[in-house]
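S.K.: My file is model.txt. It has compact mmCIF, C-alpha atoms:
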# COMPACT_ATOMS: atom_id res chain seq x y z
CA MET Y 258 50.50 -108.53 18.26
CA THR Y 259 48.52 -107.33 15.29
CA ASN Y 260 46.17 -104.47 15.18
CA PRO Y 261 42.53 -105.66 14.97
CA HIS Y 262 41.48 -102.45 13.12
CA LYS Y 263 44.12 -102.72 10.44
CA ASP Y 264 41.75 -104.11 7.83
CA LYS Y 265 38.98 -101.61 8.47
CA PRO Y 266 38.44 -98.93 5.76
CA TRP Y 267 38.41 -96.00 8.19
CA PHE Y 268 41.75 -97.09 9.63
CA LYS Y 269 43.28 -97.26 6.17
CA PHE Y 270 41.91 -93.81 5.44
CA LEU Y 271 43.27 -92.27 8.65
CA SER Y 272 46.65 -93.97 8.38
CA ASN Y 273 47.25 -92.41 4.97
CA LYS Y 274 49.98 -89.75 5.18
CA TYR Y 275 48.27 -87.59 2.53
CA VAL Y 276 45.17 -87.37 4.64
CA TRP Y 277 47.25 -86.14 7.57
CA VAL Y 278 48.99 -83.56 5.42
CA LEU Y 279 45.64 -82.37 4.08
CA LEU Y 280 44.20 -82.12 7.60
CA PHE Y 281 47.22 -80.21 8.81
CA PHE Y 282 47.12 -77.84 5.84
CA SER Y 283 43.37 -77.24 6.21
CA THR Y 284 43.68 -76.55 9.92
CA TRP Y 285 46.56 -74.20 9.32
CA MET Y 286 44.73 -72.25 6.61
CA ILE Y 287 41.45 -71.98 8.51
CA PHE Y 288 42.76 -71.04 11.95
CA LEU Y 289 46.42 -70.07 12.02
CA ASP Y 290 47.41 -68.36 8.80
CA ASN Y 291 47.49 -64.58 8.30
CA TYR Y 292 44.85 -65.02 5.60
CA SER Y 293 42.65 -67.30 7.66
CA TYR Y 294 38.91 -67.65 7.24
CA PHE Y 295 38.19 -65.69 10.42
CA ASP Y 296 40.42 -62.81 9.38
CA HIS Y 297 38.64 -62.69 6.04
CA ARG Y 298 35.25 -62.55 7.74
CA PHE Y 299 36.41 -59.70 9.98
CA LEU Y 300 37.86 -57.78 7.05
CA ASP Y 301 34.75 -58.34 4.93
CA ASN Y 302 32.62 -56.87 7.73
CA GLN Y 303 34.88 -53.84 7.89
CA VAL Y 304 34.69 -53.37 4.13
CA SER Y 305 30.89 -53.46 4.14
CA GLU Y 306 30.79 -51.00 7.04
CA LEU Y 307 33.13 -48.63 5.21
CA GLU Y 308 31.05 -48.89 2.04
CA ASP Y 309 27.96 -47.92 4.04
CA ASN Y 310 29.86 -44.93 5.45
CA LYS Y 311 30.96 -43.99 1.94
CA GLU Y 312 27.35 -43.97 0.70
CA TYR Y 313 26.24 -41.87 3.66
CA TYR Y 314 28.98 -39.28 3.14
CA GLN Y 315 28.35 -39.12 -0.60
CA GLU Y 316 24.70 -38.31 0.11
CA GLU Y 317 25.76 -35.64 2.59
CA ILE Y 318 28.14 -34.15 0.01
CA LYS Y 319 25.29 -33.95 -2.51
CA LYS Y 320 23.09 -32.18 0.05
CA ASP Y 321 25.86 -29.71 0.87
CA GLU Y 322 26.54 -29.03 -2.82
CA GLU Y 323 22.86 -28.24 -3.36
CA GLN Y 324 22.88 -25.94 -0.38
CA ILE Y 325 26.01 -24.18 -1.68
CA LYS Y 326 24.30 -23.67 -5.05
CA GLN Y 327 21.30 -22.12 -3.30
CA LEU Y 328 23.48 -19.86 -1.19
CA LYS Y 329 25.00 -18.23 -4.26
CA ASN Y 330 21.73 -16.29 -4.54
CA PRO Y 331 21.68 -13.23 -2.19
CA GLN Y 332 18.03 -13.79 -1.33
CA GLN Y 333 18.76 -17.35 -0.28
CA ILE Y 334 21.66 -16.15 1.88
CA GLU Y 335 19.32 -13.76 3.66
CA LYS Y 336 16.71 -16.48 4.15
CA TYR Y 337 19.32 -18.89 5.51
CA ALA Y 338 20.70 -16.28 7.93
CA ARG Y 339 17.22 -15.48 9.20
CA GLU Y 340 16.23 -19.14 9.70
CA LYS Y 341 19.44 -20.55 11.14
CA TYR Y 342 21.03 -17.63 12.97
CA PHE Y 343 17.93 -15.52 13.76
CA MET Y 344 19.44 -12.44 12.11
CA LYS Y 345 17.27 -9.45 11.34
CA LYS Y 346 17.23 -6.15 9.53
CA GLU Y 347 17.32 -2.84 11.38
CA ASN Y 348 14.00 -1.74 12.86
CA GLU Y 349 12.63 -5.26 12.56
CA ASP Y 350 11.26 -7.47 15.33
CA ILE Y 351 11.53 -11.24 15.23
CA TYR Y 352 9.21 -13.53 17.10
CA ILE Y 353 10.23 -17.15 17.54
CA ILE Y 354 7.23 -19.41 17.88
CA GLU Y 355 7.90 -22.77 19.43
CA LEU Y 356 5.15 -25.34 19.34
CA GLU Y 357 4.46 -27.51 22.38
CA GLY Y 358 5.35 -30.70 20.55
CA ASP Y 359 8.71 -29.27 19.52
CA SER Y 360 9.70 -28.32 23.05
CA ILE Y 361 8.78 -31.79 24.33
CA GLU Y 362 10.93 -33.44 21.67
CA ASN Y 363 13.85 -31.11 22.39
CA SER Y 364 13.68 -31.65 26.14
CA SER Y 365 13.43 -35.44 25.77
CA LYS Y 366 16.50 -35.54 23.50
CA SER Y 367 18.63 -33.71 26.08
Represent the structure from my file as structure tokens, please.
M.R.:
Amino acid sequence: MTNPHKDKPWFKFLSNKYVWVLLFFSTWMIFLDNYSYFDHRFLDNQVSELEDNKEYYQEEIKKDEEQIKQLKNPQQIEKYAREKYFMKKENEDIYIIELEGDSIENSSKS
């Protein structure tokens, strides 16, 4: 009994041992290997996320360095203490004015 597909070009192509080795190797590299395509995609996403975090933290460092430079001035220290911590001098009254829009935003964030 002879195979009726033996003379067809696709059968010759698929019966070639090099094609099978190439298919096996490709499948192995894409799905099963430690350096597979999917692992590379996952790692590339992590790298881009970490680079974004790096940029954010570098910007924050620049802001903090500028603030440190400003706080070397005694007048700036006093201004910062008054604004952030509501500190005052002796015999001085402080009035905190809160606008309606600010209180709505603060209560909606809670």
S.K.: Tell me, in Å to one decimal, how far atom CA of Y:Tyr314 is from atom CA of Y:Gln333.
M.R.: 24.4 Å
S.K.: How far is it from atom CA of Y:Leu280 to atom CA of Y:Asp296, in Å with one decimal?
M.R.: 19.8 Å
S.K.: Between atom CA of Y:Trp277 and atom CA of Y:Asp264, what is the spacing in Å?
M.R.: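 Between atom CA of Y:Asp264 and atom CA of Y:Trp277 the gap is 18.8 Å.
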S.K.: Find the spatial neighbours of Y:Ile287, counting all atoms listed in the file, within a cut-off of 12 Å - ignore same-chain residues fewer than 6 positions away - and output them as a list of chain:residue names.
M.R.: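 Contacts, in chain order: Y:Leu280, Y:Phe281, Y:Ser293, Y:Tyr294, Y:Phe295, Y:Asp296, Y:His297, Y:Arg298.
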S.K.: For stretch 285-296 of chain Y, I'd like the enclosing box, axis-aligned and padded by 5 Å on every side, reported as lines of an AutoDock Vina configuration file with centre and edge lengths in Å to one decimal.
M.R.:
center_x = 42.8
center_y = -68.5
center_z = 8.8
size_x = 19.3
size_y = 21.4
size_z = 16.4
S.K.: Show me, as a list of chain:residue names, the residues that have an atom within 12 Å of Y:Tyr352 when counting only C-alpha atoms, minus same-chain residues fewer than 3 positions from it.
M.R.: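 Answer for this query is Y:Arg339, Y:Glu340, Y:Phe343, Y:Met344, Y:Lys345, Y:Glu349, Y:Glu355.
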S.K.: For the selection you just gave me, I'd like the residues written to a file as an mmCIF file, keeping the file's coordinate frame, keeping C-alpha atoms.
M.R.:
data_model
loop_
_atom_site.group_PDB
_atom_site.id
_atom_site.type_symbol
_atom_site.label_atom_id
_atom_site.label_comp_id
_atom_site.auth_asym_id
_atom_site.auth_seq_id
_atom_site.Cartn_x
_atom_site.Cartn_y
_atom_site.Cartn_z
ATOM 1 C CA ARG Y 339 17.220 -15.480 9.200
ATOM 2 C CA GLU Y 340 16.230 -19.140 9.700
ATOM 3 C CA PHE Y 343 17.930 -15.520 13.760
ATOM 4 C CA MET Y 344 19.440 -12.440 12.110
ATOM 5 C CA LYS Y 345 17.270 -9.450 11.340
ATOM 6 C CA GLU Y 349 12.630 -5.260 12.560
ATOM 7 C CA GLU Y 355 7.900 -22.770 19.430
#
